[in-house]
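Below is input39.txt, which holds compact mmCIF, C-alpha atoms.
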# COMPACT_ATOMS: atom_id res chain seq x y z
CA MET P 42 122.20 133.46 73.33
CA THR P 43 118.49 134.26 73.72
CA ASP P 44 115.46 132.54 75.15
CA SER P 45 114.21 131.74 71.63
CA SER P 46 116.86 129.09 70.97
CA PRO P 47 115.35 125.62 70.47
CA ASP P 48 118.33 123.89 72.04
CA PRO P 49 118.94 123.32 75.76
CA ALA P 50 121.13 125.99 77.27
CA PRO P 51 124.65 124.83 78.15
CA PRO P 52 125.26 124.50 81.87
CA GLU P 53 127.28 127.10 83.74
CA PRO P 54 130.96 126.10 83.93
CA ASP P 55 130.63 125.11 87.59
CA SER P 56 127.18 123.55 87.43
CA GLY P 57 128.03 120.05 86.17
CA ALA P 58 126.79 118.36 83.03
CA ALA P 59 123.04 118.39 83.64
CA PRO P 60 121.23 120.17 80.77
CA MET P 61 119.37 123.40 81.49
CA PHE P 62 116.53 124.85 79.43
CA ARG P 63 115.66 128.45 78.63
CA VAL P 64 112.17 129.90 79.02
CA ALA P 65 111.09 129.23 75.43
CA GLU P 66 112.24 125.59 75.47
CA ALA P 67 110.70 124.87 78.88
CA ALA P 68 107.43 126.52 77.85
CA ARG P 69 107.29 124.47 74.66
CA ALA P 70 107.84 121.25 76.64
CA ALA P 71 104.96 122.19 78.97
CA GLY P 72 102.69 123.22 76.10
CA VAL P 73 102.18 126.79 77.36
CA ALA P 74 103.34 130.30 76.50
CA SER P 75 106.58 131.70 77.90
CA SER P 76 104.59 134.38 79.72
CA THR P 77 102.69 131.62 81.55
CA LEU P 78 105.95 130.33 83.07
CA ARG P 79 106.70 133.78 84.43
CA LEU P 80 103.17 133.97 85.85
CA TRP P 81 103.60 130.58 87.55
CA GLU P 82 106.83 131.85 89.08
CA THR P 83 105.04 134.84 90.63
CA GLN P 84 102.38 132.42 91.94
CA GLY P 85 105.04 130.34 93.67
CA LEU P 86 104.50 127.23 91.53
CA ILE P 87 108.02 127.05 90.11
CA ALA P 88 111.39 128.53 91.05
CA PRO P 89 113.85 128.42 88.14
CA GLN P 90 117.55 129.07 88.53
CA ARG P 91 118.95 132.35 87.26
CA ARG P 92 122.21 133.37 85.71
CA ALA P 93 123.97 136.53 86.84
CA SER P 94 122.33 138.28 83.87
CA GLY P 95 118.89 137.37 85.25
CA GLN P 96 118.18 134.77 82.56
CA ARG P 97 115.89 132.01 83.81
CA LEU P 98 117.09 128.42 83.47
CA TYR P 99 115.03 125.27 84.05
CA SER P 100 116.38 121.84 84.95
CA GLU P 101 114.89 118.57 83.65
CA ALA P 102 113.11 118.22 87.01
CA ASP P 103 111.73 121.75 86.62
CA VAL P 104 110.40 120.90 83.15
CA ALA P 105 108.72 117.77 84.53
CA GLN P 106 107.08 119.91 87.22
CA LEU P 107 105.95 122.43 84.60
CA GLN P 108 104.27 119.62 82.67
CA ARG P 109 102.57 118.49 85.88
CA ILE P 110 101.36 122.03 86.59
CA ALA P 111 99.99 122.32 83.06
CA TYR P 112 98.13 119.03 83.51
CA LEU P 113 96.66 120.06 86.89
CA ARG P 114 95.52 123.37 85.46
CA ARG P 115 94.13 122.05 82.16
CA GLU P 116 92.75 118.60 83.00
CA ALA P 117 91.94 118.90 86.70
CA GLY P 118 90.93 122.58 86.54
CA LEU P 119 92.81 123.48 89.74
CA ASN P 120 93.59 127.06 90.75
CA PRO P 121 97.14 128.11 91.78
CA ALA P 122 96.55 127.49 95.49
CA ALA P 123 95.19 124.00 94.83
CA ILE P 124 98.07 123.24 92.47
CA ARG P 125 100.59 124.31 95.14
CA ALA P 126 98.90 122.07 97.69
CA THR P 127 98.88 119.13 95.26
CA LEU P 128 102.56 119.56 94.39
CA GLU P 129 103.52 119.79 98.06
CA ALA P 130 101.56 116.62 98.84
CA GLU P 131 103.21 114.79 95.94
CA CYS P 132 106.66 115.82 97.18
CA THR P 133 106.03 114.24 100.57
CA ALA P 134 104.22 111.14 99.30
CA PRO P 135 106.13 108.12 97.98
CA ALA P 136 106.19 107.95 94.20
CA PRO P 137 103.84 105.34 92.75
CA ALA P 138 105.63 102.24 91.53
CA GLU P 139 103.47 101.97 88.43
CA ILE P 140 100.57 103.39 86.48
CA ILE P 141 97.19 102.26 87.73
CA ASN P 142 94.55 101.62 85.07
CA GLU P 143 92.32 98.95 86.54
CA PRO P 144 89.55 99.08 83.87
CA LEU P 145 92.03 98.14 81.15
CA GLY P 146 93.40 95.28 83.25
CA HIS P 147 89.91 94.09 84.10
CA ALA P 148 88.90 94.08 80.41
CA LEU P 149 91.94 92.00 79.49
CA ARG P 150 91.29 89.54 82.31
CA GLN P 151 87.68 89.08 81.19
CA LEU P 152 88.81 88.40 77.62
CA ARG P 153 91.28 85.79 78.77
CA GLN P 154 88.80 84.08 81.09
CA SER P 155 86.13 84.03 78.38
CA ARG P 156 88.53 81.86 76.37
CA SER P 157 89.32 79.68 79.41
CA GLU P 158 93.03 80.36 79.00
CA THR P 159 95.62 80.61 81.73
CA LEU P 160 98.08 83.45 82.12
CA GLU P 161 100.86 81.00 81.38
CA ALA P 162 99.26 79.90 78.09
CA VAL P 163 98.71 83.46 76.86
CA ALA P 164 102.21 84.48 77.92
CA GLN P 165 103.75 81.55 76.05
CA ASN P 166 101.78 82.33 72.89
CA LEU P 167 102.87 85.97 72.97
CA GLY P 168 106.43 85.40 74.11
CA VAL P 169 106.13 87.49 77.28
CA SER P 170 106.32 86.63 80.96
CA ALA P 171 103.26 85.46 82.89
CA SER P 172 104.21 87.81 85.72
CA ALA P 173 104.05 90.82 83.37
CA LEU P 174 100.58 89.78 82.18
CA SER P 175 99.49 89.27 85.78
CA THR P 176 100.62 92.79 86.65
CA LEU P 177 98.83 94.14 83.59
CA GLU P 178 95.55 92.46 84.51
CA ARG P 179 95.83 93.67 88.10
CA THR P 180 96.88 97.28 87.51
CA GLY P 181 96.63 98.03 83.80
CA ALA P 182 100.41 98.56 83.71
CA GLY P 183 103.66 96.69 83.34
CA VAL P 184 103.94 95.97 79.60
CA SER P 185 105.18 97.80 76.52
CA PHE P 186 102.99 99.49 73.93
CA LYS P 187 103.80 96.66 71.53
CA THR P 188 102.69 93.98 73.99
CA LEU P 189 99.37 95.74 74.51
CA ALA P 190 98.84 95.83 70.73
CA ASP P 191 99.76 92.15 70.46
CA LEU P 192 97.33 91.26 73.26
CA ALA P 193 94.46 93.12 71.60
CA GLN P 194 95.11 91.30 68.33
CA TYR P 195 95.41 87.96 70.13
CA TYR P 196 92.00 88.46 71.74
CA GLY P 197 90.39 89.61 68.49
CA THR P 198 89.81 93.19 69.59
CA THR P 199 91.61 96.53 69.36
CA VAL P 200 93.35 98.84 71.79
CA SER P 201 90.73 101.47 70.90
CA ARG P 202 87.88 99.24 72.09
CA LEU P 203 89.77 98.25 75.23
CA SER P 204 90.18 101.96 75.99
CA GLY P 205 86.48 102.74 75.55
CA GLN P 206 86.98 104.86 72.45
CA GLU P 207 83.76 103.63 70.82
CA GLU P 208 81.65 105.42 73.42
CA VAL P 209 79.46 108.14 71.89
CA GLY P 210 81.20 111.52 71.89
CA GLN P 211 80.79 115.03 70.55
CA PRO P 212 81.78 115.83 66.95
CA VAL P 213 84.00 118.70 68.13
CA VAL P 214 86.92 118.15 70.50
CA ARG P 215 88.08 121.46 71.98
CA ALA P 216 91.73 122.25 72.57
CA GLY P 217 92.85 120.92 75.94
CA ARG P 218 89.68 118.86 76.41
CA ALA P 219 90.51 115.67 74.52
CA ARG P 220 89.94 112.45 76.45
CA ILE P 221 93.16 110.77 77.51
CA TRP P 222 93.66 107.19 76.36
CA PRO P 223 94.72 104.92 79.23
CA MET P 224 98.20 103.63 78.42
CA PRO P 225 100.13 100.95 80.34
CA VAL P 226 103.54 102.61 79.84
CA GLU P 227 105.26 105.70 81.20
CA GLY P 228 105.97 108.57 78.87
CA VAL P 229 103.20 107.91 76.33
CA ARG P 230 100.18 110.21 76.44
CA VAL P 231 97.47 109.58 73.85
CA GLU P 232 94.65 112.09 73.32
CA VAL P 233 91.52 110.92 71.52
CA LEU P 234 90.60 113.41 68.76
CA ALA P 235 87.49 111.60 67.46
CA GLU P 236 85.12 109.65 69.72
CA GLY P 237 82.59 106.96 68.87
CA ARG P 238 82.36 104.44 66.05
CA ARG P 239 84.32 106.09 63.25
CA GLN P 240 86.08 105.04 60.07
CA MET P 241 89.35 106.34 61.51
CA ASP P 242 91.27 106.23 64.78
CA CYS P 243 92.42 109.82 65.29
CA HIS P 244 94.92 110.50 68.08
CA ARG P 245 97.50 112.96 69.28
CA PHE P 246 100.53 111.16 70.73
CA ILE P 247 102.66 113.14 73.20
CA LEU P 248 105.88 111.26 73.87
CA ALA P 249 108.25 112.02 76.73
CA PRO P 250 112.01 111.70 76.19
CA GLY P 251 112.90 108.04 75.77
CA ALA P 252 109.33 106.90 75.08
CA ALA P 253 109.05 104.05 72.57
CA SER P 254 106.70 101.29 71.44
CA GLY P 255 108.92 98.74 73.14
CA ALA P 256 112.46 97.54 73.66
CA ALA P 257 114.56 97.13 70.52
CA SER P 258 114.53 93.36 71.02
CA GLU P 259 110.72 93.26 70.84
CA GLY P 260 110.50 94.38 67.23
CA GLY P 261 107.37 95.91 65.74
CA TYR P 262 103.65 95.19 65.75
CA GLY P 263 101.17 95.03 62.89
CA HIS P 264 97.44 94.90 62.16
CA GLU P 265 95.04 95.52 59.30
CA GLY P 266 94.53 98.95 57.76
CA GLU P 267 96.59 101.96 56.79
CA GLU P 268 98.22 104.68 58.87
CA PHE P 269 99.16 108.33 58.54
CA ILE P 270 101.46 110.17 60.94
CA THR P 271 102.52 113.81 60.86
CA VAL P 272 104.97 115.36 63.32
CA LEU P 273 104.02 118.58 65.07
CA GLU P 274 106.96 118.87 67.45
CA GLY P 275 110.21 117.06 68.25
CA ARG P 276 111.74 114.11 66.36
CA PHE P 277 109.92 110.86 65.64
CA ARG P 278 111.65 107.64 64.52
CA ILE P 279 109.64 104.86 62.92
CA THR P 280 110.99 101.50 61.75
CA LEU P 281 109.03 99.49 59.18
CA ASP P 282 109.61 95.76 58.60
CA GLY P 283 112.52 95.90 61.04
CA VAL P 284 114.86 97.46 58.48
CA GLU P 285 113.33 100.61 56.96
CA VAL P 286 114.04 103.50 59.33
CA HIS P 287 112.66 107.02 58.97
CA GLU P 288 113.38 109.93 61.31
CA LEU P 289 110.80 112.67 60.99
CA GLY P 290 110.81 116.27 62.17
CA PRO P 291 108.10 118.95 62.42
CA GLY P 292 106.08 119.06 59.21
CA ASP P 293 107.22 115.62 58.03
CA SER P 294 104.71 112.80 57.54
CA VAL P 295 104.61 109.11 56.69
CA TYR P 296 101.90 106.83 55.27
CA PHE P 297 102.14 103.03 55.38
CA GLU P 298 100.13 99.83 55.47
CA SER P 299 99.43 98.79 59.07
CA ARG P 300 100.21 95.13 58.35
CA ARG P 301 103.88 96.09 58.02
CA PRO P 302 105.49 95.54 61.43
CA HIS P 303 106.20 98.99 62.83
CA ALA P 304 108.12 100.18 65.87
CA TRP P 305 108.59 103.77 66.93
CA ALA P 306 110.40 106.00 69.39
CA ASN P 307 110.82 109.61 70.44
CA ALA P 308 114.16 110.59 68.88
CA ALA P 309 114.28 114.05 70.48
CA ASP P 310 115.89 115.19 73.72
CA GLY P 311 112.57 116.79 74.69
CA ARG P 312 109.00 115.73 74.03
CA THR P 313 107.64 114.76 70.61
CA VAL P 314 104.06 115.35 69.46
CA VAL P 315 102.46 113.64 66.45
CA ILE P 316 99.01 113.31 64.93
CA TRP P 317 98.36 109.62 64.24
CA ILE P 318 95.47 108.32 62.12
CA ASN P 319 94.55 104.66 61.50
CA THR P 320 91.90 103.59 59.01
CA PRO P 321 89.85 101.56 59.47
CA PRO P 322 90.06 101.72 63.31
CA THR P 323 91.97 98.48 63.77
CA PHE P 324 94.49 99.58 66.41
So that I can check it, write out the structure of this file as structure tokens.
Amino acid sequence: MTDSSPDPAPPEPDSGAAPMFRVAEAARAAGVASSTLRLWETQGLIAPQRRASGQRLYSEADVAQLQRIAYLRREAGLNPAAIRATLEAECTAPAPAEIINEPLGHALRQLRQSRSETLEAVAQNLGVSASALSTLERTGAGVSFKTLADLAQYYGTTVSRLSGQEEVGQPVVRAGRARIWPMPVEGVRVEVLAEGRRQMDCHRFILAPGAASGAASEGGYGHEGEEFITVLEGRFRITLDGVEVHELGPGDSVYFESRRPHAWANAADGRTVVIWINTPPTF
């Protein structure tokens, strides 16, 4: 087998059942070139395992660290020494219990208070727990993607407006410089590809393994407009009207009316990347 295989490498006979990834697969998950992984190794940022043949193998934890390194380099602009220091500090610090996105929570609290509604009343109308909404208003976290969409619709706004997408932006968004949409759930990264008041919501969704719009029991969400999705990487599963299921791979696309309840999930073992367009911008 070679490093170009798209599938996770099988574990060594004595290494247990945990999946291991070759250079090409790990690099693809981190969004960098294979040569970059080798450079990071020489810089002391990552230490992959090696087979007797010298082949590098990366665990799931290694891939997660690679994605973190890529973020620190691209978004925070840190040099290798600063990245090492950040990773070391994160290893010794307790992991955060939840995402913190206070502006989103504050915006939702203001909307609720402007209608003189209690948390309990909103929760009952939406079929969610008041404690989950309280956590959302306090931290900007603690609910599913679907619940956030339902809340925006309930308050007569959109997730785009809540996330500040209507702020004036440049007509060109350079690679690696897209603004990140604040999301209340783990594993869902949304990059804004068109800023300001537009006729379309244009996003790049990067979904970690297991990421989904919500639990299966929650069903889908809907709104006005039409949507187009094309898959760049991974496997993407979308369910329309609760019964029509499509699993899409790289190069596949789907177009549907936004009013149809839709739920989605990453159907790949690794990350999935899609371009997602809504028109008009009603999400």
Region 152-156 of chain P surroundings by all atoms listed in the file, 12 Å radius, close-in-sequence under 3 positions cut, as a compact mmCIF listing (two decimals) with C-alpha atoms, keeping the file's coordinate frame:
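Final output, saved to around.txt:
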# COMPACT_ATOMS: atom_id res chain seq x y z
CA LEU P 145 92.03 98.14 81.15
CA GLY P 146 93.40 95.28 83.25
CA HIS P 147 89.91 94.09 84.10
CA ALA P 148 88.90 94.08 80.41
CA LEU P 149 91.94 92.00 79.49
CA THR P 159 95.62 80.61 81.73
CA LEU P 160 98.08 83.45 82.12
CA GLU P 161 100.86 81.00 81.38
CA ALA P 162 99.26 79.90 78.09
CA VAL P 163 98.71 83.46 76.86
CA ALA P 164 102.21 84.48 77.92
CA LEU P 174 100.58 89.78 82.18
CA SER P 175 99.49 89.27 85.78
CA GLU P 178 95.55 92.46 84.51
CA LEU P 192 97.33 91.26 73.26
CA ALA P 193 94.46 93.12 71.60
CA GLN P 194 95.11 91.30 68.33
CA TYR P 195 95.41 87.96 70.13
CA TYR P 196 92.00 88.46 71.74
CA GLY P 197 90.39 89.61 68.49
CA THR P 198 89.81 93.19 69.59
CA THR P 199 91.61 96.53 69.36
CA LEU P 203 89.77 98.25 75.23
Considering all atoms listed in the file, return as a list of chain:residue names whatever protein or nucleic-acid residues lie within 7 Å of Ala304 (chain P), sequence-local ones (same chain, fewer than 2 positions apart) excluded. P:Ser254, P:Gly260, P:Gly261, P:Tyr262, P:Ile279, P:Thr280, P:Leu281, P:Pro302
Could you list, as a list in words, every residue within 12 Å of Ala249 (chain P), counting all atoms listed in the file and ignoring same-chain residues fewer than 3 positions away? Ala70, Ala71, Glu101, Val104, Ala105, Gln108, Val226, Glu227, Gly228, Val229, Arg230, Val231, Phe246, Ala252, Ala253, Glu274, Gly275, Arg276, Phe277, Ala306, Asn307, Ala308, Ala309, Asp310, Gly311, Arg312, Thr313, Val314 and Val315 of chain P
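Comparing P:Pro144, P:Leu78, P:Glu259, P:Ser157 by their smallest distance to Trp222 (chain P), the closest is P:Pro144 (using only C-alpha atoms).
Ranking P:Asn319, P:Thr127, P:Ser94, P:Ser75 by their shortest atom-to-atom distance to Arg109 (chain P), with only C-alpha atoms included, puts P:Thr127 first.
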Select all residues near (96.3, 125.8, 88.3) (cut-off 12 Å, inclusive, file coordinates), counting all atoms listed in the file, and output them as a PDB file with C-alpha atoms, in the frame of the given file.
ATOM      1  CA  THR P  77     102.690 131.620  81.550  1.00  0.00           C
ATOM      2  CA  LEU P  78     105.950 130.330  83.070  1.00  0.00           C
ATOM      3  CA  LEU P  80     103.170 133.970  85.850  1.00  0.00           C
ATOM      4  CA  TRP P  81     103.600 130.580  87.550  1.00  0.00           C
ATOM      5  CA  GLN P  84     102.380 132.420  91.940  1.00  0.00           C
ATOM      6  CA  GLY P  85     105.040 130.340  93.670  1.00  0.00           C
ATOM      7  CA  LEU P  86     104.500 127.230  91.530  1.00  0.00           C
ATOM      8  CA  ILE P  87     108.020 127.050  90.110  1.00  0.00           C
ATOM      9  CA  LEU P 107     105.950 122.430  84.600  1.00  0.00           C
ATOM     10  CA  GLN P 108     104.270 119.620  82.670  1.00  0.00           C
ATOM     11  CA  ARG P 109     102.570 118.490  85.880  1.00  0.00           C
ATOM     12  CA  ILE P 110     101.360 122.030  86.590  1.00  0.00           C
ATOM     13  CA  ALA P 111      99.990 122.320  83.060  1.00  0.00           C
ATOM     14  CA  TYR P 112      98.130 119.030  83.510  1.00  0.00           C
ATOM     15  CA  LEU P 113      96.660 120.060  86.890  1.00  0.00           C
ATOM     16  CA  ARG P 114      95.520 123.370  85.460  1.00  0.00           C
ATOM     17  CA  ARG P 115      94.130 122.050  82.160  1.00  0.00           C
ATOM     18  CA  GLU P 116      92.750 118.600  83.000  1.00  0.00           C
ATOM     19  CA  ALA P 117      91.940 118.900  86.700  1.00  0.00           C
ATOM     20  CA  GLY P 118      90.930 122.580  86.540  1.00  0.00           C
ATOM     21  CA  LEU P 119      92.810 123.480  89.740  1.00  0.00           C
ATOM     22  CA  ASN P 120      93.590 127.060  90.750  1.00  0.00           C
ATOM     23  CA  PRO P 121      97.140 128.110  91.780  1.00  0.00           C
ATOM     24  CA  ALA P 122      96.550 127.490  95.490  1.00  0.00           C
ATOM     25  CA  ALA P 123      95.190 124.000  94.830  1.00  0.00           C
ATOM     26  CA  ILE P 124      98.070 123.240  92.470  1.00  0.00           C
ATOM     27  CA  ARG P 125     100.590 124.310  95.140  1.00  0.00           C
ATOM     28  CA  ALA P 126      98.900 122.070  97.690  1.00  0.00           C
ATOM     29  CA  THR P 127      98.880 119.130  95.260  1.00  0.00           C
ATOM     30  CA  LEU P 128     102.560 119.560  94.390  1.00  0.00           C
TER      31      LEU P 128
END
Go ahead and compute the interatomic distance for CA of Glu158 (chain P) and CA of Arg300 (chain P), in Å to one decimal.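 Interatomic distance, CA of Glu158 (chain P) to CA of Arg300 (chain P): 26.4 Å.
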Considering only C-alpha atoms, state which residue in the set P:Glu232, P:Glu298, P:Glu285, P:Glu129 is at the smallest distance from Thr323 (chain P). P:Glu298
Å distance separating CA of Arg238 (chain P) from CA of Gly255 (chain P), one decimal place: 28.1 Å
Quick one: residues within 7 Å of Ile316 (chain P), all atoms listed in the file counted, chain neighbours fewer than 4 positions away excluded, as an MDAnalysis selection string? chainID P and resid 244:246 270:272
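Residue nearest Gly266 (chain P) within the list P:Trp305, P:Phe324, P:Tyr99, P:Phe62: P:Phe324 [criterion: smallest interatomic distance, all atoms listed in the file].
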Go ahead and compute the interatomic distance for CA of Val64 (chain P) and CA of Pro89 (chain P), in Å to one decimal. 9.4 Å
Nearest to Thr180 (chain P) by atom-to-atom distance, counting all atoms listed in the file, from P:Met224, P:Tyr296, P:Glu268, P:Gln96: P:Met224
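A search radius of 10 Å centred on (83.5, 115.4, 72.3), applied to only C-alpha atoms, returns the residues Val209, Gly210, Gln211, Pro212, Val213, Val214, Arg215, Arg218, Ala219, Arg220, Val233, Leu234, Ala235, Glu236 and Gly237 of chain P.
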Which is closest to Ile247 (chain P) among P:Thr83, P:Asp282, P:Trp317, P:Leu189, if we use all atoms listed in the file? P:Trp317
